[in-house]
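Read through the structure below, which is laid out as structure tokens, and then see the notes.
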Amino acid sequence: MGATKIMVIRHAEKPGGYNGAQYAGVNNLGTVAGNDGAKHLVTLGWERAGALVTLFAAPWGPKTSSLATPQFLFASDPIAKHDDDTSDEGPRQRPYETLTALAAKLNLSIDTSHGKNHYAKMIPLTTKTGGAGISQEILTQTGTTGTFNIPTSWPTGPAGARYDLVFVFDRPSGNGPITGFTLLAQQLLAGDLP
């Protein structure tokens, strides 16, 4: 049986302005920061990464019946390879960093076998086993017709990009087409929108 729920989250907050303050990226040890931290989460993003544990993992989560505790985690490969696709703009640490606390809590490894923007290669894995993916590719590869009012791009809010959402695709049979879609607000940190 394949995945009955495919949950997609965006990486947590990246370098930029939030609530009137500028943030630079920093790695998990604090040894890379400032301009050198451009591919890492900001401190606010690390807070969200930790808070995802309460959204998905017992004893606090799943917070709603629309969610499930992940059995598999996927993120783009954070390590540069000699044969990287130049259209990928290089590897980023943020997707992987966003999942590290959740992976530790759930005792799961993060599958990083695909580069950034290689959704078509990743989706066969997600539709067979569970995890994350990108909306249109999920619908296409599961043979789903209809759009379920799925946003065509990642939603924004008054402050710009939204890092506080979960796209949830339901497939109760574990194979075949998607039968439902929910756009869920995480509501984990101060300033998250409903």
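Residue numbers start at 1 in each chain; chains themselves are named A, B, ... in the order of the structure tokens; ligands are numbered from 1 in the order shown.
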Do you know which residues are at most 6 Å from Val166 (chain A) counting only C-alpha atoms, after dropping those on the same chain fewer than 6 positions away, and could you put them as a PDB file with N, CA, C and O atoms, in the first residue's frame?
ATOM      1  N   VAL A   8       3.073  18.370   2.223  1.00  0.00           N
ATOM      2  CA  VAL A   8       4.125  19.202   1.653  1.00  0.00           C
ATOM      3  C   VAL A   8       4.280  20.447   2.512  1.00  0.00           C
ATOM      4  O   VAL A   8       3.295  21.163   2.746  1.00  0.00           O
ATOM      5  N   ILE A   9       5.498  20.698   2.979  1.00  0.00           N
ATOM      6  CA  ILE A   9       5.777  21.947   3.677  1.00  0.00           C
ATOM      7  C   ILE A   9       6.892  22.663   2.930  1.00  0.00           C
ATOM      8  O   ILE A   9       7.715  22.035   2.277  1.00  0.00           O
ATOM      9  N   LEU A 183      -5.440  22.881   2.592  1.00  0.00           N
ATOM     10  CA  LEU A 183      -4.375  23.848   2.839  1.00  0.00           C
ATOM     11  C   LEU A 183      -4.491  24.217   4.309  1.00  0.00           C
ATOM     12  O   LEU A 183      -5.465  24.809   4.745  1.00  0.00           O
ATOM     13  N   LEU A 184      -3.502  23.822   5.089  1.00  0.00           N
ATOM     14  CA  LEU A 184      -3.580  23.933   6.538  1.00  0.00           C
ATOM     15  C   LEU A 184      -2.558  24.929   7.066  1.00  0.00           C
ATOM     16  O   LEU A 184      -1.375  24.854   6.719  1.00  0.00           O
TER      17      LEU A 184
END
Using only C-alpha atoms, which residues sit within 9 Å of Leu188 (chain A) once same-chain residues fewer than 4 positions away are excluded, as an MDAnalysis selection string? chainID A and resid 48 51:52 54:55 164 192
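Nearest to Asn28 (chain A) of all the residues A:Gln71, A:Ala101, A:Met7, A:Leu108 is A:Ala101, based on only C-alpha atoms.
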Quick one: residues within 7 Å of Lys14 (chain A), only C-alpha atoms, excluding same-chain residues fewer than 4 positions away - as a PyMOL selection string? chain A and resi 25+40-42+45
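What separates CA of Gly34 (chain A) from CA of Ser76 (chain A) is a distance of 22.6 Å.
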Interatomic distance, CA of Thr69 (chain A) to CA of Arg94 (chain A) (Å, one decimal):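 Interatomic distance here is 21.1 Å.
Of the residues listed (A:Ala190, A:Ile6, A:Ala185, A:Ala161), A:Ala185 shows the shortest atom-to-atom separation from Lys63 (chain A); distances use only C-alpha atoms.
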Between A:Leu106, A:Ala21, A:Ala3, A:Ala38, single out the one closest to Pro177 (chain A), counting only C-alpha atoms.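 The closest residue to Pro177 (chain A) is A:Ala3.
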Can you list, as a list in words, every protein, DNA or RNA residue that comes within 6 Å of Asp170 (chain A) when you count only C-alpha atoms, leaving out same-chain residues fewer than 6 positions away? Thr4, Lys5, Ile178, Thr179 and Gly180 of chain A
Long-range neighbours of region 147-159 of chain A as a PDB file with all heavy atoms, in the first residue's frame, 9 Å cut-off, only C-alpha atoms, 4 positions minimum in chain:
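New file selection_38.pdb:
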ATOM      1  N   ARG A  10       6.900  23.962   3.042  1.00  0.00           N
ATOM      2  CA  ARG A  10       8.004  24.744   2.509  1.00  0.00           C
ATOM      3  C   ARG A  10       9.091  24.776   3.571  1.00  0.00           C
ATOM      4  O   ARG A  10       8.811  24.696   4.762  1.00  0.00           O
ATOM      5  CB  ARG A  10       7.523  26.167   2.219  1.00  0.00           C
ATOM      6  CG  ARG A  10       8.579  27.022   1.599  1.00  0.00           C
ATOM      7  CD  ARG A  10       8.079  28.412   1.300  1.00  0.00           C
ATOM      8  NE  ARG A  10       9.143  29.157   0.649  1.00  0.00           N
ATOM      9  CZ  ARG A  10       8.963  30.292   0.046  1.00  0.00           C
ATOM     10  NH1 ARG A  10       7.775  30.842  -0.004  1.00  0.00           N
ATOM     11  NH2 ARG A  10       9.983  30.907  -0.513  1.00  0.00           N
ATOM     12  N   GLY A  17      13.908  39.898   5.495  1.00  0.00           N
ATOM     13  CA  GLY A  17      13.286  40.733   6.507  1.00  0.00           C
ATOM     14  C   GLY A  17      12.008  40.117   7.055  1.00  0.00           C
ATOM     15  O   GLY A  17      11.162  39.644   6.302  1.00  0.00           O
ATOM     16  N   TYR A  18      11.887  40.127   8.389  1.00  0.00           N
ATOM     17  CA  TYR A  18      10.700  39.606   9.064  1.00  0.00           C
ATOM     18  C   TYR A  18      10.342  40.556  10.195  1.00  0.00           C
ATOM     19  O   TYR A  18      11.200  40.880  11.028  1.00  0.00           O
ATOM     20  CB  TYR A  18      10.945  38.187   9.629  1.00  0.00           C
ATOM     21  CG  TYR A  18      11.358  37.209   8.550  1.00  0.00           C
ATOM     22  CD1 TYR A  18      12.696  36.923   8.330  1.00  0.00           C
ATOM     23  CD2 TYR A  18      10.407  36.616   7.741  1.00  0.00           C
ATOM     24  CE1 TYR A  18      13.078  36.055   7.326  1.00  0.00           C
ATOM     25  CE2 TYR A  18      10.785  35.745   6.729  1.00  0.00           C
ATOM     26  CZ  TYR A  18      12.116  35.466   6.530  1.00  0.00           C
ATOM     27  OH  TYR A  18      12.483  34.614   5.526  1.00  0.00           O
ATOM     28  N   ASN A  19       9.083  40.993  10.221  1.00  0.00           N
ATOM     29  CA  ASN A  19       8.594  41.881  11.281  1.00  0.00           C
ATOM     30  C   ASN A  19       9.506  43.107  11.469  1.00  0.00           C
ATOM     31  O   ASN A  19       9.789  43.520  12.581  1.00  0.00           O
ATOM     32  CB  ASN A  19       8.446  41.127  12.608  1.00  0.00           C
ATOM     33  CG  ASN A  19       7.523  39.934  12.478  1.00  0.00           C
ATOM     34  OD1 ASN A  19       6.494  40.013  11.809  1.00  0.00           O
ATOM     35  ND2 ASN A  19       7.892  38.832  13.095  1.00  0.00           N
ATOM     36  N   SER A 135       2.816  20.038  -5.687  1.00  0.00           N
ATOM     37  CA  SER A 135       1.414  19.873  -6.033  1.00  0.00           C
ATOM     38  C   SER A 135       1.118  19.328  -7.417  1.00  0.00           C
ATOM     39  O   SER A 135       0.513  18.272  -7.554  1.00  0.00           O
ATOM     40  CB  SER A 135       0.685  21.207  -5.868  1.00  0.00           C
ATOM     41  OG  SER A 135       0.914  21.720  -4.603  1.00  0.00           O
ATOM     42  N   GLN A 136       1.495  20.050  -8.459  1.00  0.00           N
ATOM     43  CA  GLN A 136       1.125  19.633  -9.808  1.00  0.00           C
ATOM     44  C   GLN A 136       1.730  18.289 -10.160  1.00  0.00           C
ATOM     45  O   GLN A 136       1.088  17.455 -10.775  1.00  0.00           O
ATOM     46  CB  GLN A 136       1.540  20.691 -10.833  1.00  0.00           C
ATOM     47  CG  GLN A 136       0.981  20.426 -12.214  1.00  0.00           C
ATOM     48  CD  GLN A 136      -0.534  20.305 -12.218  1.00  0.00           C
ATOM     49  OE1 GLN A 136      -1.247  21.128 -11.669  1.00  0.00           O
ATOM     50  NE2 GLN A 136      -1.041  19.241 -12.818  1.00  0.00           N
ATOM     51  N   LEU A 139      -0.321  15.545  -8.553  1.00  0.00           N
ATOM     52  CA  LEU A 139      -1.575  15.301  -9.265  1.00  0.00           C
ATOM     53  C   LEU A 139      -1.331  14.557 -10.576  1.00  0.00           C
ATOM     54  O   LEU A 139      -2.034  13.605 -10.903  1.00  0.00           O
ATOM     55  CB  LEU A 139      -2.299  16.622  -9.528  1.00  0.00           C
ATOM     56  CG  LEU A 139      -2.749  17.399  -8.296  1.00  0.00           C
ATOM     57  CD1 LEU A 139      -3.422  18.693  -8.716  1.00  0.00           C
ATOM     58  CD2 LEU A 139      -3.672  16.576  -7.420  1.00  0.00           C
ATOM     59  N   TYR A 163       5.731  30.667   5.252  1.00  0.00           N
ATOM     60  CA  TYR A 163       6.466  29.459   5.631  1.00  0.00           C
ATOM     61  C   TYR A 163       5.634  28.618   6.601  1.00  0.00           C
ATOM     62  O   TYR A 163       6.127  27.643   7.140  1.00  0.00           O
ATOM     63  CB  TYR A 163       7.795  29.851   6.298  1.00  0.00           C
ATOM     64  CG  TYR A 163       8.674  30.665   5.389  1.00  0.00           C
ATOM     65  CD1 TYR A 163       8.640  32.049   5.402  1.00  0.00           C
ATOM     66  CD2 TYR A 163       9.520  30.042   4.488  1.00  0.00           C
ATOM     67  CE1 TYR A 163       9.432  32.797   4.551  1.00  0.00           C
ATOM     68  CE2 TYR A 163      10.323  30.777   3.624  1.00  0.00           C
ATOM     69  CZ  TYR A 163      10.272  32.156   3.665  1.00  0.00           C
ATOM     70  OH  TYR A 163      11.054  32.889   2.819  1.00  0.00           O
ATOM     71  N   LEU A 165       2.563  26.973   6.206  1.00  0.00           N
ATOM     72  CA  LEU A 165       1.473  26.206   5.598  1.00  0.00           C
ATOM     73  C   LEU A 165       1.870  24.754   5.383  1.00  0.00           C
ATOM     74  O   LEU A 165       3.053  24.422   5.250  1.00  0.00           O
ATOM     75  CB  LEU A 165       1.087  26.813   4.247  1.00  0.00           C
ATOM     76  CG  LEU A 165       0.557  28.241   4.284  1.00  0.00           C
ATOM     77  CD1 LEU A 165       0.419  28.784   2.865  1.00  0.00           C
ATOM     78  CD2 LEU A 165      -0.772  28.308   5.016  1.00  0.00           C
ATOM     79  N   PHE A 167       0.492  21.710   2.701  1.00  0.00           N
ATOM     80  CA  PHE A 167      -0.390  21.216   1.650  1.00  0.00           C
ATOM     81  C   PHE A 167      -0.603  19.732   1.959  1.00  0.00           C
ATOM     82  O   PHE A 167       0.361  18.974   2.025  1.00  0.00           O
ATOM     83  CB  PHE A 167       0.263  21.322   0.275  1.00  0.00           C
ATOM     84  CG  PHE A 167       0.310  22.704  -0.325  1.00  0.00           C
ATOM     85  CD1 PHE A 167       0.462  23.842   0.436  1.00  0.00           C
ATOM     86  CD2 PHE A 167       0.227  22.855  -1.691  1.00  0.00           C
ATOM     87  CE1 PHE A 167       0.523  25.101  -0.131  1.00  0.00           C
ATOM     88  CE2 PHE A 167       0.289  24.108  -2.287  1.00  0.00           C
ATOM     89  CZ  PHE A 167       0.436  25.229  -1.505  1.00  0.00           C
ATOM     90  N   THR A 179      -7.824  12.211  -3.770  1.00  0.00           N
ATOM     91  CA  THR A 179      -9.273  12.424  -3.617  1.00  0.00           C
ATOM     92  C   THR A 179      -9.611  13.688  -2.845  1.00  0.00           C
ATOM     93  O   THR A 179     -10.772  14.067  -2.772  1.00  0.00           O
ATOM     94  CB  THR A 179      -9.924  11.222  -2.903  1.00  0.00           C
ATOM     95  OG1 THR A 179      -9.338  11.100  -1.603  1.00  0.00           O
ATOM     96  CG2 THR A 179      -9.735   9.934  -3.695  1.00  0.00           C
ATOM     97  N   GLY A 180      -8.610  14.322  -2.239  1.00  0.00           N
ATOM     98  CA  GLY A 180      -8.895  15.539  -1.484  1.00  0.00           C
ATOM     99  C   GLY A 180      -7.636  16.343  -1.231  1.00  0.00           C
ATOM    100  O   GLY A 180      -6.518  15.823  -1.289  1.00  0.00           O
ATOM    101  N   PHE A 181      -7.835  17.621  -0.974  1.00  0.00           N
ATOM    102  CA  PHE A 181      -6.730  18.536  -0.704  1.00  0.00           C
ATOM    103  C   PHE A 181      -7.137  19.478   0.419  1.00  0.00           C
ATOM    104  O   PHE A 181      -8.260  19.975   0.450  1.00  0.00           O
ATOM    105  CB  PHE A 181      -6.384  19.355  -1.952  1.00  0.00           C
ATOM    106  CG  PHE A 181      -5.424  20.476  -1.675  1.00  0.00           C
ATOM    107  CD1 PHE A 181      -4.076  20.219  -1.482  1.00  0.00           C
ATOM    108  CD2 PHE A 181      -5.868  21.782  -1.575  1.00  0.00           C
ATOM    109  CE1 PHE A 181      -3.183  21.252  -1.205  1.00  0.00           C
ATOM    110  CE2 PHE A 181      -4.991  22.817  -1.304  1.00  0.00           C
ATOM    111  CZ  PHE A 181      -3.643  22.556  -1.124  1.00  0.00           C
ATOM    112  N   THR A 182      -6.212  19.726   1.350  1.00  0.00           N
ATOM    113  CA  THR A 182      -6.416  20.683   2.430  1.00  0.00           C
ATOM    114  C   THR A 182      -5.197  21.584   2.512  1.00  0.00           C
ATOM    115  O   THR A 182      -4.069  21.105   2.483  1.00  0.00           O
ATOM    116  CB  THR A 182      -6.586  19.957   3.790  1.00  0.00           C
ATOM    117  OG1 THR A 182      -7.641  19.015   3.683  1.00  0.00           O
ATOM    118  CG2 THR A 182      -6.886  20.943   4.903  1.00  0.00           C
ATOM    119  N   LEU A 183      -5.440  22.881   2.592  1.00  0.00           N
ATOM    120  CA  LEU A 183      -4.375  23.848   2.839  1.00  0.00           C
ATOM    121  C   LEU A 183      -4.491  24.217   4.309  1.00  0.00           C
ATOM    122  O   LEU A 183      -5.465  24.809   4.745  1.00  0.00           O
ATOM    123  CB  LEU A 183      -4.543  25.077   1.951  1.00  0.00           C
ATOM    124  CG  LEU A 183      -3.489  26.162   2.089  1.00  0.00           C
ATOM    125  CD1 LEU A 183      -2.103  25.629   1.778  1.00  0.00           C
ATOM    126  CD2 LEU A 183      -3.823  27.332   1.169  1.00  0.00           C
ATOM    127  N   LEU A 193      -0.182  33.151  10.287  1.00  0.00           N
ATOM    128  CA  LEU A 193      -1.545  33.510   9.911  1.00  0.00           C
ATOM    129  C   LEU A 193      -2.477  32.323  10.051  1.00  0.00           C
ATOM    130  O   LEU A 193      -2.039  31.182   9.958  1.00  0.00           O
ATOM    131  CB  LEU A 193      -1.554  34.043   8.475  1.00  0.00           C
ATOM    132  CG  LEU A 193      -0.713  35.288   8.221  1.00  0.00           C
ATOM    133  CD1 LEU A 193      -0.678  35.616   6.738  1.00  0.00           C
ATOM    134  CD2 LEU A 193      -1.248  36.464   9.027  1.00  0.00           C
TER     135      LEU A 193
END
Near-Ala57 (chain A) list (8 Å; only C-alpha atoms; drop same-chain fewer than 4 positions) as a PDB file with N, CA and C atoms, in the first residue's frame:
ATOM      1  N   VAL A  53       7.853  19.644  15.269  1.00  0.00           N
ATOM      2  CA  VAL A  53       7.708  18.438  16.097  1.00  0.00           C
ATOM      3  C   VAL A  53       6.337  18.436  16.766  1.00  0.00           C
ATOM      4  N   GLY A  61       1.179  16.063  18.625  1.00  0.00           N
ATOM      5  CA  GLY A  61       0.556  16.057  17.310  1.00  0.00           C
ATOM      6  C   GLY A  61       0.203  14.643  16.896  1.00  0.00           C
ATOM      7  N   PRO A  62      -0.351  14.453  15.745  1.00  0.00           N
ATOM      8  CA  PRO A  62      -0.779  15.466  14.808  1.00  0.00           C
ATOM      9  C   PRO A  62      -1.869  16.369  15.408  1.00  0.00           C
ATOM     10  N   THR A  69       1.222  11.554  11.318  1.00  0.00           N
ATOM     11  CA  THR A  69       2.635  11.515  11.681  1.00  0.00           C
ATOM     12  C   THR A  69       3.401  10.938  10.496  1.00  0.00           C
ATOM     13  N   LEU A 102      12.319  17.207  13.490  1.00  0.00           N
ATOM     14  CA  LEU A 102      11.243  16.229  13.315  1.00  0.00           C
ATOM     15  C   LEU A 102      11.827  14.840  13.056  1.00  0.00           C
ATOM     16  N   LYS A 105      13.077  13.453  16.354  1.00  0.00           N
ATOM     17  CA  LYS A 105      11.977  13.048  17.238  1.00  0.00           C
ATOM     18  C   LYS A 105      11.337  11.741  16.770  1.00  0.00           C
ATOM     19  N   LEU A 106      11.168  11.602  15.440  1.00  0.00           N
ATOM     20  CA  LEU A 106      10.509  10.417  14.895  1.00  0.00           C
ATOM     21  C   LEU A 106      11.485   9.270  14.616  1.00  0.00           C
TER      22      LEU A 106
END
Which of these residues is nearest to Asp36 (chain A), using only C-alpha atoms: A:Gln22, A:Pro95, A:Pro15, A:Asp77?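 Among the listed residues, A:Pro15 lies closest to Asp36 (chain A).
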Counting only C-alpha atoms, figure out which residue out of A:Thr144, A:Asn107, A:Asn27, A:Thr98 gets nearest to Ala75 (chain A). A:Thr98
So how far away is CA of Pro78 (chain A) from CA of Tyr96 (chain A), in Å?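 For CA of Tyr96 (chain A) relative to CA of Pro78 (chain A), the distance reads 6.6 Å.
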